[in-house]
Amino acid sequence: MQRKLRLRNREDFSRIYRNGKSFANSQFVVYWSKQHKAEPFRLGVSASKKIGNAVVRNRMRRLVKEIVRQQRERIVEQLDFIVIVRKPAVGLGMKELEKSMLHVLKRAGLLKQNR
């Protein structure tokens, strides 16, 4: 995932949590907020200690970033969003994670409409 597409500042995370909208399924929670300086979008991934040790958390973050990277063309532009990984996501394979991630993004309205 390119550096310019990452959310890293605490202020950005706080702004999105405070003023953004959210949607969740059993594996992921997504918070999002429109941001005009985000080209095409910026992503933050959060995985708490509840889901496992550092190896598990980092693996989940890498998988989420890879899914978003592969689906980059389908995601709405000028958007900041945060994906929070929940414990049930840990036991899933890549295909199930991708399906779940696309489900939560679609339900949140963050995927472009197919034309």
# chains A, B, ... in the order shown; residues from 1 in each chain; ligands from 1
$ select_by_dssp --residues "chain A" --states "helix (DSSP H, G or I)" --output "VMD selection string"
chain A and resid 3 to 5 10 to 19 49 to 51 54 to 70 72 to 74 87 to 89 94 to 108
$ closest_atom_pairs --of "region 48-91 of chain A" --to "region 26-43 of chain A" --cutoff "6 Å" --atoms "only C-alpha atoms" --output "JSON lines"
{"residue": "A:Glu77", "atom": "CA", "partner": "A:Pro40", "partner_atom": "CA", "distance": 4.7}
{"residue": "A:Gln78", "atom": "CA", "partner": "A:Ala38", "partner_atom": "CA", "distance": 4.9}
{"residue": "A:Leu79", "atom": "CA", "partner": "A:Lys34", "partner_atom": "CA", "distance": 4.6}
{"residue": "A:Asp80", "atom": "CA", "partner": "A:Arg42", "partner_atom": "CA", "distance": 4.8}
{"residue": "A:Phe81", "atom": "CA", "partner": "A:Trp32", "partner_atom": "CA", "distance": 4.1}
{"residue": "A:Ile82", "atom": "CA", "partner": "A:Tyr31", "partner_atom": "CA", "distance": 5.2}
{"residue": "A:Val83", "atom": "CA", "partner": "A:Val30", "partner_atom": "CA", "distance": 4.6}
{"residue": "A:Ile84", "atom": "CA", "partner": "A:Val29", "partner_atom": "CA", "distance": 5.0}
{"residue": "A:Val85", "atom": "CA", "partner": "A:Phe28", "partner_atom": "CA", "distance": 4.9}
{"residue": "A:Arg86", "atom": "CA", "partner": "A:Gln27", "partner_atom": "CA", "distance": 5.0}
{"residue": "A:Pro88", "atom": "CA", "partner": "A:Gln27", "partner_atom": "CA", "distance": 5.4}
{"residue": "A:Ala89", "atom": "CA", "partner": "A:Gln27", "partner_atom": "CA", "distance": 4.7}
$ write_last_selection --atoms "N, CA, C and O atoms" --output "PDB file, in the first residue's frame"
ATOM      1  N   GLU A  77     -13.800   7.775  -4.304  1.00  0.00           N
ATOM      2  CA  GLU A  77     -12.666   8.670  -4.121  1.00  0.00           C
ATOM      3  C   GLU A  77     -12.975   9.773  -3.107  1.00  0.00           C
ATOM      4  O   GLU A  77     -14.113   9.965  -2.719  1.00  0.00           O
ATOM      5  N   GLN A  78     -11.937  10.501  -2.727  1.00  0.00           N
ATOM      6  CA  GLN A  78     -11.990  11.595  -1.755  1.00  0.00           C
ATOM      7  C   GLN A  78     -12.653  11.140  -0.460  1.00  0.00           C
ATOM      8  O   GLN A  78     -13.669  11.675  -0.028  1.00  0.00           O
ATOM      9  N   LEU A  79     -12.014  10.153   0.133  1.00  0.00           N
ATOM     10  CA  LEU A  79     -12.577   9.497   1.294  1.00  0.00           C
ATOM     11  C   LEU A  79     -11.457   9.091   2.237  1.00  0.00           C
ATOM     12  O   LEU A  79     -10.402   8.661   1.807  1.00  0.00           O
ATOM     13  N   ASP A  80     -11.687   9.297   3.524  1.00  0.00           N
ATOM     14  CA  ASP A  80     -10.817   8.722   4.542  1.00  0.00           C
ATOM     15  C   ASP A  80     -11.605   7.631   5.218  1.00  0.00           C
ATOM     16  O   ASP A  80     -12.762   7.842   5.574  1.00  0.00           O
ATOM     17  N   PHE A  81     -11.022   6.456   5.400  1.00  0.00           N
ATOM     18  CA  PHE A  81     -11.740   5.432   6.134  1.00  0.00           C
ATOM     19  C   PHE A  81     -10.814   4.578   6.980  1.00  0.00           C
ATOM     20  O   PHE A  81      -9.626   4.462   6.711  1.00  0.00           O
ATOM     21  N   ILE A  82     -11.406   4.054   8.041  1.00  0.00           N
ATOM     22  CA  ILE A  82     -10.690   3.228   9.005  1.00  0.00           C
ATOM     23  C   ILE A  82     -11.375   1.882   9.047  1.00  0.00           C
ATOM     24  O   ILE A  82     -12.602   1.814   9.165  1.00  0.00           O
ATOM     25  N   VAL A  83     -10.608   0.827   8.964  1.00  0.00           N
ATOM     26  CA  VAL A  83     -11.137  -0.532   9.086  1.00  0.00           C
ATOM     27  C   VAL A  83     -10.650  -1.088  10.420  1.00  0.00           C
ATOM     28  O   VAL A  83      -9.455  -1.097  10.687  1.00  0.00           O
ATOM     29  N   ILE A  84     -11.590  -1.527  11.236  1.00  0.00           N
ATOM     30  CA  ILE A  84     -11.265  -2.159  12.507  1.00  0.00           C
ATOM     31  C   ILE A  84     -11.501  -3.653  12.346  1.00  0.00           C
ATOM     32  O   ILE A  84     -12.577  -4.071  11.927  1.00  0.00           O
ATOM     33  N   VAL A  85     -10.488  -4.428  12.667  1.00  0.00           N
ATOM     34  CA  VAL A  85     -10.568  -5.885  12.540  1.00  0.00           C
ATOM     35  C   VAL A  85     -11.143  -6.456  13.834  1.00  0.00           C
ATOM     36  O   VAL A  85     -10.690  -6.116  14.921  1.00  0.00           O
ATOM     37  N   ARG A  86     -12.146  -7.324  13.701  1.00  0.00           N
ATOM     38  CA  ARG A  86     -12.741  -7.996  14.850  1.00  0.00           C
ATOM     39  C   ARG A  86     -12.202  -9.419  14.957  1.00  0.00           C
ATOM     40  O   ARG A  86     -11.700  -9.983  13.987  1.00  0.00           O
ATOM     41  N   PRO A  88     -13.516 -12.508  14.984  1.00  0.00           N
ATOM     42  CA  PRO A  88     -13.898 -13.586  14.055  1.00  0.00           C
ATOM     43  C   PRO A  88     -13.141 -13.576  12.723  1.00  0.00           C
ATOM     44  O   PRO A  88     -13.081 -14.585  12.042  1.00  0.00           O
ATOM     45  N   ALA A  89     -12.530 -12.450  12.368  1.00  0.00           N
ATOM     46  CA  ALA A  89     -11.791 -12.367  11.100  1.00  0.00           C
ATOM     47  C   ALA A  89     -10.476 -13.143  11.158  1.00  0.00           C
ATOM     48  O   ALA A  89      -9.951 -13.540  10.116  1.00  0.00           O
TER      49      ALA A  89
END
$ closest_residue --among "A:Asp12, A:Glu66, A:Glu73, A:Glu96" --to "Lys112 (chain A)" --atoms "only C-alpha atoms"
A:Glu73
$ closest_residue --among "A:Arg18, A:Arg3, A:Lys87, A:His103" --to "Arg69 (chain A)" --atoms "only C-alpha atoms"
A:Arg3
$ select_by_dssp --residues "chain A" --states "strand (DSSP E or B)" --output "list in words"
Arg6, Lys21, Ser22, Phe23, Ala24, Phe28, Val29, Val30, Tyr31, Trp32, Ser33, Lys34, Phe41, Arg42, Leu43, Gly44, Val45, Ser46, Ala47, Ile75, Leu79, Asp80, Phe81, Ile82, Val83, Ile84, Val85 and Leu111 of chain A
$ write_last_selection --atoms "N, CA, C and O atoms" --output "tab-separated table (two decimals), in the first residue's frame"
chain	number	residue	atom	x	y	z
A	6	ARG	N	-2.13	6.11	3.24
A	6	ARG	CA	-2.29	5.64	4.62
A	6	ARG	C	-2.67	6.78	5.55
A	6	ARG	O	-2.15	7.89	5.43
A	21	LYS	N	-19.20	8.36	9.71
A	21	LYS	CA	-20.27	7.37	9.78
A	21	LYS	C	-19.62	6.00	9.92
A	21	LYS	O	-18.45	5.83	9.64
A	22	SER	N	-20.43	5.02	10.31
A	22	SER	CA	-19.85	3.68	10.47
A	22	SER	C	-20.83	2.61	10.01
A	22	SER	O	-22.04	2.84	9.95
A	23	PHE	N	-20.27	1.46	9.72
A	23	PHE	CA	-21.04	0.27	9.40
A	23	PHE	C	-20.20	-0.93	9.82
A	23	PHE	O	-18.97	-0.86	9.79
A	24	ALA	N	-20.86	-2.01	10.20
A	24	ALA	CA	-20.11	-3.17	10.69
A	24	ALA	C	-20.76	-4.47	10.25
A	24	ALA	O	-21.97	-4.53	10.00
A	28	PHE	N	-15.57	-7.03	10.47
A	28	PHE	CA	-14.98	-5.71	10.32
A	28	PHE	C	-15.96	-4.61	10.73
A	28	PHE	O	-17.17	-4.77	10.62
A	29	VAL	N	-15.38	-3.49	11.17
A	29	VAL	CA	-16.13	-2.24	11.36
A	29	VAL	C	-15.43	-1.24	10.46
A	29	VAL	O	-14.20	-1.18	10.42
A	30	VAL	N	-16.21	-0.44	9.74
A	30	VAL	CA	-15.60	0.59	8.91
A	30	VAL	C	-16.20	1.94	9.31
A	30	VAL	O	-17.41	2.09	9.45
A	31	TYR	N	-15.32	2.91	9.57
A	31	TYR	CA	-15.70	4.30	9.81
A	31	TYR	C	-15.20	5.08	8.61
A	31	TYR	O	-14.09	4.85	8.14
A	32	TRP	N	-15.99	6.05	8.14
A	32	TRP	CA	-15.54	6.83	6.99
A	32	TRP	C	-16.00	8.27	7.09
A	32	TRP	O	-16.96	8.58	7.79
A	33	SER	N	-15.29	9.11	6.37
A	33	SER	CA	-15.59	10.53	6.33
A	33	SER	C	-15.09	11.07	4.99
A	33	SER	O	-14.02	10.68	4.53
A	34	LYS	N	-15.86	11.96	4.39
A	34	LYS	CA	-15.42	12.60	3.14
A	34	LYS	C	-14.25	13.53	3.45
A	34	LYS	O	-14.24	14.22	4.46
A	41	PHE	N	-8.02	8.01	-1.96
A	41	PHE	CA	-8.58	7.80	-0.63
A	41	PHE	C	-7.42	7.54	0.32
A	41	PHE	O	-6.29	7.36	-0.11
A	42	ARG	N	-7.73	7.55	1.63
A	42	ARG	CA	-6.72	7.19	2.62
A	42	ARG	C	-7.32	6.14	3.55
A	42	ARG	O	-8.49	6.22	3.90
A	43	LEU	N	-6.49	5.19	3.94
A	43	LEU	CA	-6.94	4.06	4.74
A	43	LEU	C	-6.15	3.98	6.04
A	43	LEU	O	-4.94	4.15	6.05
A	44	GLY	N	-6.86	3.69	7.12
A	44	GLY	CA	-6.23	3.36	8.38
A	44	GLY	C	-6.76	2.01	8.82
A	44	GLY	O	-7.94	1.71	8.60
A	45	VAL	N	-5.92	1.18	9.40
A	45	VAL	CA	-6.34	-0.14	9.86
A	45	VAL	C	-6.04	-0.24	11.35
A	45	VAL	O	-4.95	0.11	11.79
A	46	SER	N	-7.03	-0.71	12.11
A	46	SER	CA	-6.87	-0.86	13.54
A	46	SER	C	-7.15	-2.31	13.92
A	46	SER	O	-8.16	-2.88	13.52
A	47	ALA	N	-6.23	-2.89	14.68
A	47	ALA	CA	-6.40	-4.26	15.18
A	47	ALA	C	-5.98	-4.25	16.64
A	47	ALA	O	-4.81	-4.04	16.94
A	75	ILE	N	-13.20	1.56	-5.07
A	75	ILE	CA	-13.50	2.34	-3.87
A	75	ILE	C	-13.73	3.81	-4.25
A	75	ILE	O	-13.01	4.39	-5.06
A	79	LEU	N	-12.01	10.15	0.13
A	79	LEU	CA	-12.58	9.50	1.29
A	79	LEU	C	-11.46	9.09	2.24
A	79	LEU	O	-10.40	8.66	1.81
A	80	ASP	N	-11.69	9.30	3.52
A	80	ASP	CA	-10.82	8.72	4.54
A	80	ASP	C	-11.60	7.63	5.22
A	80	ASP	O	-12.76	7.84	5.57
A	81	PHE	N	-11.02	6.46	5.40
A	81	PHE	CA	-11.74	5.43	6.13
A	81	PHE	C	-10.81	4.58	6.98
A	81	PHE	O	-9.63	4.46	6.71
A	82	ILE	N	-11.41	4.05	8.04
A	82	ILE	CA	-10.69	3.23	9.00
A	82	ILE	C	-11.37	1.88	9.05
A	82	ILE	O	-12.60	1.81	9.17
A	83	VAL	N	-10.61	0.83	8.96
A	83	VAL	CA	-11.14	-0.53	9.09
A	83	VAL	C	-10.65	-1.09	10.42
A	83	VAL	O	-9.45	-1.10	10.69
A	84	ILE	N	-11.59	-1.53	11.24
A	84	ILE	CA	-11.26	-2.16	12.51
A	84	ILE	C	-11.50	-3.65	12.35
A	84	ILE	O	-12.58	-4.07	11.93
A	85	VAL	N	-10.49	-4.43	12.67
A	85	VAL	CA	-10.57	-5.89	12.54
A	85	VAL	C	-11.14	-6.46	13.83
A	85	VAL	O	-10.69	-6.12	14.92
A	111	LEU	N	-18.28	1.58	-2.24
A	111	LEU	CA	-17.85	1.02	-3.53
A	111	LEU	C	-18.56	1.77	-4.65
A	111	LEU	O	-19.74	2.13	-4.52
$ closest_residue --among "A:Ser48, A:Asn9, A:Asn58, A:Ser100" --to "Asn25 (chain A)" --atoms "only C-alpha atoms"
A:Ser100
$ atom_distance --atom1 "CA of Arg61 (chain A)" --atom2 "CA of Gly109 (chain A)"
22.0 Å
$ closest_residue --among "A:Met94, A:Arg10, A:Asn53, A:Ile16" --to "Lys65 (chain A)" --atoms "only C-alpha atoms"
A:Met94
$ closest_residue --among "A:Leu7, A:Met1, A:Leu105, A:Leu92" --to "Val76 (chain A)" --atoms "only C-alpha atoms"
A:Leu105
$ decode --residues "region 28-58 of chain A" --atoms "N, CA, C and O atoms" --output "PDB file, in the first residue's frame"
ATOM      1  N   PHE A  28     -15.569  -7.032  10.470  1.00  0.00           N
ATOM      2  CA  PHE A  28     -14.978  -5.706  10.324  1.00  0.00           C
ATOM      3  C   PHE A  28     -15.960  -4.612  10.735  1.00  0.00           C
ATOM      4  O   PHE A  28     -17.167  -4.774  10.622  1.00  0.00           O
ATOM      5  N   VAL A  29     -15.384  -3.494  11.170  1.00  0.00           N
ATOM      6  CA  VAL A  29     -16.129  -2.244  11.358  1.00  0.00           C
ATOM      7  C   VAL A  29     -15.429  -1.236  10.463  1.00  0.00           C
ATOM      8  O   VAL A  29     -14.200  -1.184  10.423  1.00  0.00           O
ATOM      9  N   VAL A  30     -16.206  -0.444   9.737  1.00  0.00           N
ATOM     10  CA  VAL A  30     -15.604   0.593   8.907  1.00  0.00           C
ATOM     11  C   VAL A  30     -16.199   1.942   9.308  1.00  0.00           C
ATOM     12  O   VAL A  30     -17.412   2.085   9.450  1.00  0.00           O
ATOM     13  N   TYR A  31     -15.321   2.909   9.572  1.00  0.00           N
ATOM     14  CA  TYR A  31     -15.697   4.296   9.812  1.00  0.00           C
ATOM     15  C   TYR A  31     -15.199   5.084   8.610  1.00  0.00           C
ATOM     16  O   TYR A  31     -14.087   4.851   8.140  1.00  0.00           O
ATOM     17  N   TRP A  32     -15.992   6.055   8.138  1.00  0.00           N
ATOM     18  CA  TRP A  32     -15.537   6.834   6.992  1.00  0.00           C
ATOM     19  C   TRP A  32     -16.000   8.268   7.092  1.00  0.00           C
ATOM     20  O   TRP A  32     -16.958   8.583   7.786  1.00  0.00           O
ATOM     21  N   SER A  33     -15.293   9.112   6.372  1.00  0.00           N
ATOM     22  CA  SER A  33     -15.586  10.528   6.330  1.00  0.00           C
ATOM     23  C   SER A  33     -15.093  11.069   4.988  1.00  0.00           C
ATOM     24  O   SER A  33     -14.023  10.677   4.525  1.00  0.00           O
ATOM     25  N   LYS A  34     -15.857  11.963   4.390  1.00  0.00           N
ATOM     26  CA  LYS A  34     -15.418  12.602   3.144  1.00  0.00           C
ATOM     27  C   LYS A  34     -14.252  13.530   3.453  1.00  0.00           C
ATOM     28  O   LYS A  34     -14.243  14.217   4.461  1.00  0.00           O
ATOM     29  N   GLN A  35     -13.257  13.515   2.579  1.00  0.00           N
ATOM     30  CA  GLN A  35     -12.088  14.365   2.766  1.00  0.00           C
ATOM     31  C   GLN A  35     -11.592  14.758   1.386  1.00  0.00           C
ATOM     32  O   GLN A  35     -11.134  13.917   0.618  1.00  0.00           O
ATOM     33  N   HIS A  36     -11.687  16.035   1.051  1.00  0.00           N
ATOM     34  CA  HIS A  36     -11.360  16.481  -0.303  1.00  0.00           C
ATOM     35  C   HIS A  36      -9.875  16.412  -0.637  1.00  0.00           C
ATOM     36  O   HIS A  36      -9.513  16.338  -1.802  1.00  0.00           O
ATOM     37  N   LYS A  37      -8.992  16.420   0.371  1.00  0.00           N
ATOM     38  CA  LYS A  37      -7.561  16.339   0.061  1.00  0.00           C
ATOM     39  C   LYS A  37      -7.063  14.906  -0.057  1.00  0.00           C
ATOM     40  O   LYS A  37      -5.891  14.677  -0.330  1.00  0.00           O
ATOM     41  N   ALA A  38      -7.939  13.936   0.157  1.00  0.00           N
ATOM     42  CA  ALA A  38      -7.552  12.526   0.032  1.00  0.00           C
ATOM     43  C   ALA A  38      -7.659  12.109  -1.432  1.00  0.00           C
ATOM     44  O   ALA A  38      -8.741  12.059  -1.995  1.00  0.00           O
ATOM     45  N   GLU A  39      -6.536  11.839  -2.053  1.00  0.00           N
ATOM     46  CA  GLU A  39      -6.526  11.430  -3.457  1.00  0.00           C
ATOM     47  C   GLU A  39      -5.888  10.068  -3.607  1.00  0.00           C
ATOM     48  O   GLU A  39      -4.700   9.947  -3.338  1.00  0.00           O
ATOM     49  N   PRO A  40      -6.529   9.036  -4.058  1.00  0.00           N
ATOM     50  CA  PRO A  40      -7.970   8.917  -4.239  1.00  0.00           C
ATOM     51  C   PRO A  40      -8.698   8.658  -2.921  1.00  0.00           C
ATOM     52  O   PRO A  40      -9.824   9.053  -2.751  1.00  0.00           O
ATOM     53  N   PHE A  41      -8.016   8.014  -1.963  1.00  0.00           N
ATOM     54  CA  PHE A  41      -8.580   7.796  -0.634  1.00  0.00           C
ATOM     55  C   PHE A  41      -7.425   7.539   0.321  1.00  0.00           C
ATOM     56  O   PHE A  41      -6.286   7.359  -0.106  1.00  0.00           O
ATOM     57  N   ARG A  42      -7.730   7.547   1.628  1.00  0.00           N
ATOM     58  CA  ARG A  42      -6.716   7.187   2.617  1.00  0.00           C
ATOM     59  C   ARG A  42      -7.321   6.138   3.547  1.00  0.00           C
ATOM     60  O   ARG A  42      -8.489   6.215   3.902  1.00  0.00           O
ATOM     61  N   LEU A  43      -6.490   5.192   3.936  1.00  0.00           N
ATOM     62  CA  LEU A  43      -6.936   4.056   4.743  1.00  0.00           C
ATOM     63  C   LEU A  43      -6.150   3.976   6.037  1.00  0.00           C
ATOM     64  O   LEU A  43      -4.937   4.147   6.046  1.00  0.00           O
ATOM     65  N   GLY A  44      -6.856   3.687   7.116  1.00  0.00           N
ATOM     66  CA  GLY A  44      -6.233   3.363   8.384  1.00  0.00           C
ATOM     67  C   GLY A  44      -6.761   2.008   8.817  1.00  0.00           C
ATOM     68  O   GLY A  44      -7.935   1.708   8.600  1.00  0.00           O
ATOM     69  N   VAL A  45      -5.918   1.176   9.403  1.00  0.00           N
ATOM     70  CA  VAL A  45      -6.338  -0.144   9.863  1.00  0.00           C
ATOM     71  C   VAL A  45      -6.042  -0.235  11.350  1.00  0.00           C
ATOM     72  O   VAL A  45      -4.949   0.111  11.792  1.00  0.00           O
ATOM     73  N   SER A  46      -7.027  -0.711  12.105  1.00  0.00           N
ATOM     74  CA  SER A  46      -6.865  -0.862  13.543  1.00  0.00           C
ATOM     75  C   SER A  46      -7.145  -2.307  13.919  1.00  0.00           C
ATOM     76  O   SER A  46      -8.162  -2.878  13.518  1.00  0.00           O
ATOM     77  N   ALA A  47      -6.231  -2.893  14.684  1.00  0.00           N
ATOM     78  CA  ALA A  47      -6.403  -4.256  15.179  1.00  0.00           C
ATOM     79  C   ALA A  47      -5.977  -4.247  16.645  1.00  0.00           C
ATOM     80  O   ALA A  47      -4.806  -4.041  16.945  1.00  0.00           O
ATOM     81  N   SER A  48      -6.931  -4.444  17.539  1.00  0.00           N
ATOM     82  CA  SER A  48      -6.631  -4.326  18.962  1.00  0.00           C
ATOM     83  C   SER A  48      -5.973  -5.596  19.499  1.00  0.00           C
ATOM     84  O   SER A  48      -5.955  -6.644  18.844  1.00  0.00           O
ATOM     85  N   LYS A  49      -5.482  -5.529  20.712  1.00  0.00           N
ATOM     86  CA  LYS A  49      -4.831  -6.670  21.352  1.00  0.00           C
ATOM     87  C   LYS A  49      -5.818  -7.801  21.623  1.00  0.00           C
ATOM     88  O   LYS A  49      -5.402  -8.922  21.879  1.00  0.00           O
ATOM     89  N   LYS A  50      -7.100  -7.497  21.565  1.00  0.00           N
ATOM     90  CA  LYS A  50      -8.112  -8.528  21.806  1.00  0.00           C
ATOM     91  C   LYS A  50      -8.057  -9.640  20.759  1.00  0.00           C
ATOM     92  O   LYS A  50      -8.454 -10.762  21.036  1.00  0.00           O
ATOM     93  N   ILE A  51      -7.592  -9.313  19.548  1.00  0.00           N
ATOM     94  CA  ILE A  51      -7.627 -10.334  18.491  1.00  0.00           C
ATOM     95  C   ILE A  51      -6.407 -11.252  18.501  1.00  0.00           C
ATOM     96  O   ILE A  51      -6.414 -12.275  17.837  1.00  0.00           O
ATOM     97  N   GLY A  52      -5.361 -10.884  19.229  1.00  0.00           N
ATOM     98  CA  GLY A  52      -4.207 -11.770  19.296  1.00  0.00           C
ATOM     99  C   GLY A  52      -2.919 -11.020  19.557  1.00  0.00           C
ATOM    100  O   GLY A  52      -2.919  -9.810  19.799  1.00  0.00           O
ATOM    101  N   ASN A  53      -1.824 -11.750  19.459  1.00  0.00           N
ATOM    102  CA  ASN A  53      -0.520 -11.135  19.698  1.00  0.00           C
ATOM    103  C   ASN A  53      -0.090 -10.291  18.502  1.00  0.00           C
ATOM    104  O   ASN A  53      -0.811 -10.159  17.519  1.00  0.00           O
ATOM    105  N   ALA A  54       1.098  -9.716  18.572  1.00  0.00           N
ATOM    106  CA  ALA A  54       1.578  -8.796  17.546  1.00  0.00           C
ATOM    107  C   ALA A  54       1.651  -9.447  16.168  1.00  0.00           C
ATOM    108  O   ALA A  54       1.345  -8.814  15.152  1.00  0.00           O
ATOM    109  N   VAL A  55       2.016 -10.707  16.126  1.00  0.00           N
ATOM    110  CA  VAL A  55       2.114 -11.416  14.844  1.00  0.00           C
ATOM    111  C   VAL A  55       0.739 -11.487  14.181  1.00  0.00           C
ATOM    112  O   VAL A  55       0.589 -11.194  12.989  1.00  0.00           O
ATOM    113  N   VAL A  56      -0.271 -11.839  14.941  1.00  0.00           N
ATOM    114  CA  VAL A  56      -1.639 -11.954  14.419  1.00  0.00           C
ATOM    115  C   VAL A  56      -2.157 -10.581  13.986  1.00  0.00           C
ATOM    116  O   VAL A  56      -2.734 -10.426  12.903  1.00  0.00           O
ATOM    117  N   ARG A  57      -1.956  -9.566  14.822  1.00  0.00           N
ATOM    118  CA  ARG A  57      -2.443  -8.215  14.504  1.00  0.00           C
ATOM    119  C   ARG A  57      -1.791  -7.689  13.232  1.00  0.00           C
ATOM    120  O   ARG A  57      -2.475  -7.155  12.345  1.00  0.00           O
ATOM    121  N   ASN A  58      -0.488  -7.840  13.117  1.00  0.00           N
ATOM    122  CA  ASN A  58       0.209  -7.349  11.926  1.00  0.00           C
ATOM    123  C   ASN A  58      -0.199  -8.113  10.678  1.00  0.00           C
ATOM    124  O   ASN A  58      -0.345  -7.529   9.600  1.00  0.00           O
TER     125      ASN A  58
END
